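With CSV, C-alpha atoms inside, this is data.csv:
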chain,number,residue,atom,x,y,z
A,227,MET,CA,-1.8,-16.6,21.7
A,228,SER,CA,-4.1,-13.6,22.2
A,229,TRP,CA,-1.0,-11.4,22.7
A,230,ALA,CA,0.5,-12.6,19.3
A,231,LEU,CA,-2.8,-11.9,17.6
A,232,ARG,CA,-3.0,-8.4,19.0
A,233,VAL,CA,0.6,-7.5,18.1
A,234,GLY,CA,0.3,-9.1,14.7
A,235,THR,CA,-2.9,-7.3,13.8
A,236,ALA,CA,-1.6,-4.0,15.0
A,237,ALA,CA,1.7,-4.5,13.1
A,238,ALA,CA,-0.2,-5.3,9.9
A,239,LEU,CA,-2.4,-2.3,10.3
A,240,ALA,CA,0.7,-0.1,11.0
A,241,ILE,CA,2.2,-1.1,7.7
A,242,ASP,CA,-1.1,-0.3,6.0
A,243,ALA,CA,-1.1,3.1,7.7
A,244,VAL,CA,2.4,4.0,6.8
A,245,VAL,CA,2.1,3.1,3.2
A,246,HIS,CA,-1.2,5.0,2.8
A,247,TRP,CA,0.2,8.0,4.5
A,248,GLN,CA,3.4,8.1,2.5
A,249,ASN,CA,1.6,7.7,-0.8
A,250,ALA,CA,-1.2,10.1,-0.1
A,251,PRO,CA,0.5,13.3,-1.5
A,252,ALA,CA,0.8,11.6,-5.0
A,253,TYR,CA,-3.0,11.2,-5.1
A,254,ASP,CA,-4.1,14.6,-3.8
A,255,ASP,CA,-5.3,15.9,-7.1
A,256,ILE,CA,-7.4,12.9,-7.9
A,257,GLY,CA,-11.0,13.7,-7.2
A,258,THR,CA,-12.8,16.9,-6.5
A,259,THR,CA,-14.5,17.3,-3.1
A,260,LEU,CA,-13.1,14.0,-1.8
A,261,THR,CA,-9.7,13.3,-3.1
A,262,GLN,CA,-7.9,9.9,-3.2
A,263,GLY,CA,-5.2,11.4,-1.1
A,264,ALA,CA,-7.7,12.4,1.6
A,265,LEU,CA,-9.1,8.9,1.6
A,266,PHE,CA,-5.6,7.4,2.0
A,267,ARG,CA,-5.0,9.6,5.0
A,268,ALA,CA,-8.4,8.6,6.5
A,269,GLU,CA,-7.5,5.0,5.9
A,270,ALA,CA,-4.1,5.5,7.6
A,271,ALA,CA,-5.8,7.2,10.6
A,272,ALA,CA,-8.4,4.5,10.9
A,273,ALA,CA,-5.8,1.8,10.7
A,274,VAL,CA,-3.8,3.5,13.5
A,275,VAL,CA,-6.8,3.8,15.7
A,276,ALA,CA,-7.9,0.2,15.1
A,277,GLY,CA,-4.4,-1.1,15.8
A,278,LEU,CA,-4.2,0.8,19.0
A,279,LEU,CA,-7.6,-0.3,20.1
A,280,VAL,CA,-6.7,-4.0,19.6
A,281,LEU,CA,-3.5,-3.4,21.5
A,282,VAL,CA,-4.7,-1.5,24.6
A,283,ARG,CA,-8.3,-2.5,24.7
A,284,PRO,CA,-8.8,-5.9,23.1
A,285,ARG,CA,-12.5,-6.1,23.4
A,286,ARG,CA,-14.9,-7.6,20.8
A,287,SER,CA,-15.6,-4.1,19.4
A,288,SER,CA,-11.9,-3.5,18.9
A,289,TRP,CA,-11.5,-6.7,16.9
A,290,VAL,CA,-14.6,-5.8,14.8
A,291,ALA,CA,-13.1,-2.4,14.1
A,292,ALA,CA,-9.8,-3.9,13.0
A,293,LEU,CA,-11.5,-6.4,10.9
A,294,LEU,CA,-13.6,-3.8,9.2
A,295,VAL,CA,-10.7,-1.4,8.5
A,296,ALA,CA,-8.5,-4.1,7.1
A,297,ALA,CA,-11.3,-5.8,5.0
A,298,SER,CA,-12.5,-2.5,3.5
A,299,ALA,CA,-9.0,-1.5,2.6
A,300,LEU,CA,-8.2,-5.0,1.0
A,301,GLY,CA,-11.5,-5.0,-0.8
A,302,ALA,CA,-10.9,-1.5,-2.2
A,303,VAL,CA,-7.3,-2.2,-3.4
A,304,LEU,CA,-8.4,-5.4,-5.1
A,305,LEU,CA,-11.5,-3.8,-6.7
A,306,TYR,CA,-9.7,-0.8,-8.1
A,307,ARG,CA,-6.7,-3.0,-9.2
A,308,TYR,CA,-8.8,-5.3,-11.4
A,309,VAL,CA,-12.1,-3.5,-12.1
A,310,ASP,CA,-12.5,0.0,-13.7
A,311,VAL,CA,-15.6,1.1,-11.8
A,312,GLY,CA,-15.0,4.7,-12.5
A,313,GLN,CA,-16.3,7.4,-10.1
A,314,LEU,CA,-18.7,6.1,-7.4
A,315,GLY,CA,-20.8,8.9,-5.9
A,316,PRO,CA,-18.4,11.1,-4.0
A,317,LEU,CA,-15.6,8.6,-4.4
A,318,PRO,CA,-13.0,9.5,-7.1
A,319,ASP,CA,-12.1,7.2,-9.9
A,320,MET,CA,-9.3,5.2,-8.2
A,321,TYR,CA,-8.8,2.6,-10.9
A,322,GLU,CA,-5.1,1.7,-11.1
A,323,ASN,CA,-4.3,-1.4,-13.0
A,324,THR,CA,-0.8,-2.0,-11.6
A,325,TRP,CA,0.9,-3.1,-8.5
A,326,GLN,CA,3.9,-1.1,-9.5
A,327,VAL,CA,3.4,1.6,-6.8
A,328,PRO,CA,5.6,1.9,-3.8
A,329,GLY,CA,4.2,-0.2,-1.0
A,330,LYS,CA,1.0,-1.1,-2.7
A,331,LEU,CA,1.7,-4.9,-2.8
A,332,LEU,CA,3.1,-4.9,0.7
A,333,SER,CA,0.1,-3.0,2.0
A,334,ALA,CA,-2.3,-5.4,0.3
A,335,TRP,CA,-0.5,-8.4,1.9
A,336,ALA,CA,-0.6,-6.6,5.3
A,337,GLU,CA,-4.3,-5.9,4.9
A,338,GLY,CA,-4.9,-9.6,4.1
A,339,ALA,CA,-2.9,-10.6,7.2
A,340,ALA,CA,-4.8,-8.2,9.3
A,341,VAL,CA,-8.1,-9.6,8.1
A,342,VAL,CA,-7.0,-13.1,9.0
A,343,LEU,CA,-5.5,-12.1,12.4
A,344,ALA,CA,-8.4,-9.9,13.4
A,345,GLY,CA,-10.9,-12.6,12.3
A,346,LEU,CA,-9.0,-15.1,14.5
A,347,GLY,CA,-9.0,-12.5,17.3
A,348,LEU,CA,-12.7,-12.0,17.1
A,349,LEU,CA,-13.4,-15.8,17.0
A,350,THR,CA,-11.2,-16.6,20.0
A,351,HIS,CA,-12.2,-13.5,22.0
A,352,ARG,CA,-13.4,-14.6,25.3
A,353,GLY,CA,-14.2,-11.4,27.1
A,354,ALA,CA,-13.2,-10.5,30.6
A,355,ALA,CA,-12.5,-13.4,32.8
A,356,PRO,CA,-14.6,-13.7,35.9
A,357,THR,CA,-13.0,-12.7,39.2
A,358,HIS,CA,-15.7,-13.5,41.7
A,359,ALA,CA,-18.1,-16.4,40.9
A,360,THR,CA,-21.0,-17.0,43.1
A,361,ALA,CA,-23.7,-19.6,43.0
A,362,GLY,CA,-26.3,-18.9,40.3
A,363,SER,CA,-24.2,-16.2,38.7
A,364,GLN,CA,-24.0,-15.5,35.0
A,365,ALA,CA,-20.8,-16.6,33.4
A,366,PRO,CA,-19.2,-14.5,30.7
A,367,GLY,CA,-20.7,-15.4,27.3
A,368,GLY,CA,-24.1,-15.9,28.8
A,369,GLU,CA,-23.8,-19.4,30.0
A,370,ALA,CA,-25.8,-19.9,33.2
A,371,ARG,CA,-23.8,-21.6,35.9
A,372,SER,CA,-25.1,-23.3,39.0
A,373,GLY,CA,-21.8,-22.8,40.7
A,374,PRO,CA,-18.1,-23.3,40.3
A,375,ARG,CA,-17.1,-26.5,38.6
A,376,LEU,CA,-14.0,-28.0,37.1
A,377,PRO,CA,-13.3,-28.4,33.4
A,378,THR,CA,-13.4,-32.2,33.9
A,379,GLN,CA,-17.1,-31.8,34.6
A,380,ARG,CA,-17.8,-30.7,31.0
A,381,GLY,CA,-19.3,-33.5,28.9
A,382,SER,CA,-20.3,-35.5,31.8
A,383,ASN,CA,-23.4,-37.7,31.6
A,384,ALA,CA,-25.4,-35.3,33.6
A,385,GLU,CA,-25.0,-32.7,30.9
A,386,ARG,CA,-26.1,-34.9,28.0
B,86,MET,CA,-14.3,-23.6,24.4
B,87,ARG,CA,-14.5,-22.0,27.8
B,88,LEU,CA,-12.6,-23.0,30.8
B,89,TRP,CA,-14.0,-22.4,34.3
B,90,TYR,CA,-11.2,-21.3,36.5
B,91,GLY,CA,-13.0,-21.4,39.8
B,92,PRO,CA,-14.0,-18.7,42.3
B,93,ASN,CA,-10.6,-17.0,42.2
B,94,GLY,CA,-10.6,-16.4,38.5
B,95,PRO,CA,-7.8,-17.3,36.0
B,96,PRO,CA,-4.3,-18.0,37.2
B,97,PRO,CA,-2.0,-15.0,37.1
B,98,SER,CA,-0.2,-14.7,33.7
B,99,ARG,CA,3.6,-14.9,33.3
B,100,TRP,CA,3.8,-11.3,32.1
B,101,GLY,CA,1.3,-9.6,34.3
B,102,SER,CA,-1.7,-8.1,32.7
B,103,ARG,CA,-0.5,-4.5,33.1
B,104,ARG,CA,2.7,-5.0,31.1
B,105,ARG,CA,1.1,-6.5,28.1
B,106,PRO,CA,-0.2,-3.4,26.5
B,107,LEU,CA,3.1,-1.6,27.0
B,108,VAL,CA,5.1,-4.4,25.3
B,109,ALA,CA,2.6,-4.6,22.5
B,110,LEU,CA,2.7,-0.8,22.0
B,111,ALA,CA,6.5,-0.9,21.9
B,112,THR,CA,6.4,-3.6,19.3
B,113,LEU,CA,3.9,-1.6,17.2
B,114,LEU,CA,6.0,1.5,17.3
B,115,THR,CA,9.1,-0.5,16.3
B,116,VAL,CA,7.3,-2.0,13.3
B,117,GLY,CA,6.0,1.4,12.4
B,118,VAL,CA,9.4,3.1,12.5
B,119,LEU,CA,10.9,0.3,10.5
B,120,ALA,CA,8.2,0.5,7.9
B,121,ALA,CA,8.6,4.3,7.7
B,122,GLY,CA,12.3,3.9,7.3
B,123,CYS,CA,11.9,1.5,4.4
B,124,GLY,CA,9.2,3.6,2.8
B,125,SER,CA,11.3,6.8,2.9
B,126,ASN,CA,13.6,5.4,0.3
B,127,SER,CA,10.8,4.9,-2.1
B,128,GLY,CA,10.0,8.6,-2.7
B,129,SER,CA,13.5,9.6,-3.8
B,130,GLY,CA,12.6,9.4,-7.4
B,131,SER,CA,15.4,8.2,-9.6
B,132,GLY,CA,15.6,4.7,-8.3
B,133,GLY,CA,13.6,1.7,-9.5
B,134,GLY,CA,10.4,0.6,-7.9
B,135,GLY,CA,11.7,1.2,-4.4
B,136,PRO,CA,11.7,-1.4,-1.8
B,137,TYR,CA,8.0,-2.2,-2.3
B,138,GLY,CA,7.9,-1.8,-6.0
B,139,GLY,CA,8.1,-5.5,-6.8
B,140,GLY,CA,10.0,-6.1,-9.9
B,141,GLY,CA,12.0,-2.9,-10.0
B,142,SER,CA,15.4,-4.6,-10.6
B,143,ALA,CA,18.6,-2.9,-11.4
B,144,PRO,CA,17.9,-2.2,-15.1
B,145,THR,CA,15.1,0.2,-14.1
B,146,SER,CA,17.3,2.7,-12.5
B,147,ALA,CA,17.6,5.9,-14.5
B,148,PRO,CA,20.9,6.6,-16.1
B,149,SER,CA,23.0,9.7,-15.4
B,150,GLY,CA,24.8,12.0,-17.8
B,151,VAL,CA,23.6,13.5,-21.0
B,152,ALA,CA,20.5,11.5,-22.2
B,153,THR,CA,20.1,10.0,-25.7
B,154,VAL,CA,16.7,9.5,-27.1
B,155,SER,CA,16.4,7.1,-30.0
B,156,THR,CA,13.7,4.9,-31.6
B,157,ALA,CA,13.1,1.2,-31.8
B,158,SER,CA,10.7,-1.0,-33.7
B,159,THR,CA,8.3,-2.9,-31.4
B,160,GLY,CA,5.0,-4.6,-31.4
B,161,LEU,CA,3.5,-1.2,-30.7
B,162,GLY,CA,5.2,0.3,-33.8
B,163,THR,CA,8.2,2.6,-33.8
B,164,ILE,CA,8.6,4.2,-30.3
B,165,LEU,CA,11.0,6.3,-28.3
B,166,VAL,CA,13.6,4.5,-26.3
B,167,ASP,CA,16.7,5.7,-24.5
B,168,GLY,CA,20.3,5.1,-25.5
B,169,SER,CA,20.3,1.6,-24.2
B,170,GLY,CA,16.9,0.6,-25.7
B,171,ARG,CA,14.7,1.1,-22.7
B,172,THR,CA,11.2,2.2,-23.4
B,173,LEU,CA,10.2,5.8,-22.6
B,174,TYR,CA,6.6,6.9,-21.7
B,175,LEU,CA,4.5,10.0,-21.4
B,176,PHE,CA,1.9,10.6,-18.7
B,177,ALA,CA,-1.5,11.7,-20.0
B,178,LYS,CA,-2.0,14.0,-17.0
B,179,ASP,CA,1.1,16.1,-17.7
B,180,GLN,CA,0.7,19.6,-19.1
B,181,PRO,CA,3.1,20.7,-21.9
B,182,ASP,CA,6.6,21.0,-20.3
B,183,ARG,CA,5.1,20.4,-16.9
B,184,SER,CA,5.2,17.1,-15.0
B,185,ALA,CA,2.2,16.1,-12.8
B,186,CYS,CA,4.2,13.1,-11.4
B,187,ALA,CA,5.9,13.4,-8.0
B,188,GLY,CA,6.6,11.5,-4.9
B,189,ALA,CA,5.4,7.9,-5.1
B,190,CYS,CA,4.6,8.5,-8.7
B,191,VAL,CA,8.2,9.2,-9.6
B,192,ALA,CA,9.3,6.1,-7.6
B,193,ALA,CA,7.1,4.0,-9.9
B,194,TRP,CA,7.8,6.0,-13.0
B,195,PRO,CA,11.4,7.3,-12.8
B,196,VAL,CA,12.0,10.4,-14.9
B,197,ASP,CA,14.4,10.3,-17.9
B,198,PRO,CA,17.1,12.6,-16.6
B,199,SER,CA,19.8,14.5,-18.5
B,200,SER,CA,22.7,16.6,-17.3
B,201,GLY,CA,22.6,18.6,-20.5
B,202,THR,CA,20.9,19.0,-23.9
B,203,PRO,CA,19.7,15.5,-24.8
B,204,LYS,CA,21.2,13.8,-27.9
B,205,ALA,CA,18.9,12.8,-30.8
B,206,GLY,CA,19.4,9.2,-31.9
B,207,SER,CA,18.3,7.6,-35.1
B,208,GLY,CA,14.7,8.3,-36.1
B,209,VAL,CA,14.3,11.1,-33.6
B,210,THR,CA,13.6,14.8,-34.5
B,211,ALA,CA,16.2,16.8,-32.6
B,212,SER,CA,14.0,19.9,-32.6
B,213,LEU,CA,11.3,18.1,-30.6
B,214,LEU,CA,13.8,17.3,-27.8
B,215,GLY,CA,14.0,19.5,-24.7
B,216,THR,CA,14.3,19.5,-21.0
B,217,ILE,CA,12.4,20.8,-18.0
B,218,LYS,CA,13.5,21.6,-14.5
B,219,ARG,CA,11.6,19.7,-11.9
B,220,GLY,CA,10.6,20.8,-8.5
B,221,ASP,CA,13.4,18.8,-6.8
B,222,GLY,CA,16.0,20.4,-9.1
B,223,ALA,CA,16.4,17.4,-11.5
B,224,THR,CA,16.4,17.9,-15.2
B,225,GLN,CA,13.9,15.8,-17.2
B,226,VAL,CA,14.0,15.1,-20.9
B,227,THR,CA,10.9,16.1,-22.9
B,228,TYR,CA,9.8,15.2,-26.4
B,229,ASN,CA,7.3,17.4,-28.2
B,230,ARG,CA,6.9,19.0,-24.7
B,231,HIS,CA,5.9,15.7,-23.1
B,232,PRO,CA,8.1,14.9,-20.1
B,233,LEU,CA,9.5,11.4,-20.5
B,234,TYR,CA,9.6,8.6,-18.0
B,235,TYR,CA,10.7,5.0,-17.5
B,236,TYR,CA,8.5,2.4,-15.9
B,237,SER,CA,9.8,0.4,-12.9
B,238,GLY,CA,7.8,-2.6,-14.1
B,239,ASP,CA,10.0,-2.9,-17.2
B,240,GLY,CA,12.9,-5.2,-16.6
B,241,GLY,CA,15.1,-3.8,-19.3
B,242,ALA,CA,15.3,-3.0,-23.0
B,243,GLY,CA,12.6,-4.2,-25.3
B,244,GLN,CA,9.8,-4.2,-22.7
B,245,GLN,CA,6.7,-2.0,-22.7
B,246,ASN,CA,4.9,-3.3,-19.6
B,247,GLY,CA,3.7,0.3,-18.8
B,248,GLN,CA,1.8,0.7,-22.0
B,249,GLY,CA,-1.8,1.7,-21.2
B,250,VAL,CA,-1.3,1.4,-17.4
B,251,ASP,CA,-3.7,3.6,-15.5
B,252,ALA,CA,-1.9,4.9,-12.5
B,253,PHE,CA,-1.8,8.1,-10.4
B,254,GLY,CA,-4.8,9.5,-12.1
B,255,ALA,CA,-4.2,9.0,-15.8
B,256,LYS,CA,-2.8,6.6,-18.4
B,257,TRP,CA,0.7,6.1,-19.5
B,258,PHE,CA,1.7,5.5,-23.1
B,259,VAL,CA,4.7,4.9,-25.2
B,260,VAL,CA,5.6,7.7,-27.6
B,261,ASN,CA,6.0,7.7,-31.4
B,262,PRO,CA,8.7,9.6,-33.3
B,263,ALA,CA,6.1,12.4,-34.0
B,264,GLY,CA,5.8,13.0,-30.3
B,265,ALA,CA,2.3,11.6,-29.8
B,266,ALA,CA,1.0,8.9,-27.5
B,267,VAL,CA,0.6,5.5,-28.9
B,268,THR,CA,-2.8,4.6,-27.5
B,269,GLY,CA,-3.1,1.1,-29.1
B,270,GLY,CA,-1.9,-2.2,-27.6

Hey, can you dump this file as structure tokens for me?
Amino acid sequence: MSWALRVGTAAALAIDAVVHWQNAPAYDDIGTTLTQGALFRAEAAAAVVAGLLVLVRPRRSSWVAALLVAASALGAVLLYRYVDVGQLGPLPDMYENTWQVPGKLLSAWAEGAAVVLAGLGLLTHRGAAPTHATAGSQAPGGEARSGPRLPTQRGSNAER
Amino acid sequence: MRLWYGPNGPPPSRWGSRRRPLVALATLLTVGVLAAGCGSNSGSGSGGGGPYGGGGSAPTSAPSGVATVSTASTGLGTILVDGSGRTLYLFAKDQPDRSACAGACVAAWPVDPSSGTPKAGSGVTASLLGTIKRGDGATQVTYNRHPLYYYSGDGGAGQQNGQGVDAFGAKWFVVNPAGAAVTGG
């Protein structure tokens, strides 16, 4: 299950990256110091990095990075699709009231999928499994253990 | 829910922990290559909305041969259309006789091409018609020095779904017979 989440998240982020990278040249003259094309390339790079992190180092921080990259991209595309917010500080005016741009809709769906998958990955992340448990050791996740025990012991009367 | 595996840790996985990242990386690269392959079709220009355009069906592909520009009465008034009645647009970011639309923009807004001097249909002033040579070598019809485009979101004749759309840095408008943008609607 974790494997599927990692591959699914990385694949969704890869789609996001490819679309942003390919469309960036058409947006290079929108904005002054910070152009929309540059932001698209930064988004593509961030998506690639987050996807690789989830694949090769599936730690909690990697899931958080993937979730942030996907959620920020999805939030931006929805905001600028439906709300004309104009120029925001150094950000150019990226209002675009159409989905009729190559890859835009696909990218938005991929970002939504990445948000869901990375969220699930974060929720189900269990950290590194213990390899040597000793009496009185701290189990991953911060649960104090008095020693090895079987799953069937959970929920016993002694714990209630 | 946590499972306590005992002093020897979790049971060995079927794949082996060292192979998983490699398999996953290979899958990612495969997806990336496939996506890049699909996307490369979208920048070619004269097609419809490309594979991701969503709604760019067959009628949105630009015609070939000598273009005809005509007029049609619509809810936006009398506007320029091509020989088959499809709406033509101008891009507010364009300079006179110079297109500011390329790449993904042309995939969404296919140019009105012509292999020769365009023909003036009814209601059109022939002296306002012209052409420009684009960077990719294609010839694009102009009217009153405005390069003309189709919209991949139009399914066919009689539609003006691109009117007032704000995309690629400026708005898109239909054109009246005088060669000005129709900003209403």

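Here CA of Ala302 (chain A) is placed at a distance of 28.6 Å from CA of Trp229 (chain A).
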
Minimum-distance residue to Pro232 (chain B), chosen among B:Gly264, B:Gly150, B:Gly162, B:Gly269 (using only C-alpha atoms):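 Distance minimum relative to Pro232 (chain B) lands on B:Gly264.
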
With a distance cut-off of 10 Å and only C-alpha atoms, select the neighbouring residues of Thr210 (chain B), excluding the residue or stretch itself and same-chain residues fewer than 2 positions from it, and output the selection as a tab-separated table (two decimals) with C-alpha atoms, keeping the file's coordinate frame.
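Everything below was put into out26.tsv:
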chain	number	residue	atom	x	y	z
B	154	VAL	CA	16.70	9.50	-27.10
B	155	SER	CA	16.40	7.10	-30.00
B	205	ALA	CA	18.90	12.80	-30.80
B	206	GLY	CA	19.40	9.20	-31.90
B	207	SER	CA	18.30	7.60	-35.10
B	208	GLY	CA	14.70	8.30	-36.10
B	212	SER	CA	14.00	19.90	-32.60
B	213	LEU	CA	11.30	18.10	-30.60
B	214	LEU	CA	13.80	17.30	-27.80
B	228	TYR	CA	9.80	15.20	-26.40
B	229	ASN	CA	7.30	17.40	-28.20
B	262	PRO	CA	8.70	9.60	-33.30
B	263	ALA	CA	6.10	12.40	-34.00
B	264	GLY	CA	5.80	13.00	-30.30

So, counting all atoms listed in the file, which residue among A:Ala292, A:Leu239, A:Val303, A:Leu332 is closest to chain B? A:Leu332

For the atom pair CA of Gln245 (chain B) and CA of Thr216 (chain B), what is the interatomic distance in Å to one decimal place?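 Pair CA of Gln245 (chain B) / CA of Thr216 (chain B) returns 22.9 Å.
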
Please determine, counting all atoms listed in the file, which residue among A:Val282, A:Ala271, A:Trp289, A:Leu300 has the shortest atom-to-atom distance to Glu337 (chain A).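 Once distances to Glu337 (chain A) are computed over all atoms listed in the file, the minimum belongs to A:Leu300.
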
Which is closest to Ala297 (chain A) among A:Ser333, A:Gly263, A:Ala252, A:Gly338, if we use only C-alpha atoms? A:Gly338

Please report the interatomic distance between CA of Trp194 (chain B) and CA of Leu233 (chain B) in Å with one decimal. 9.4 Å
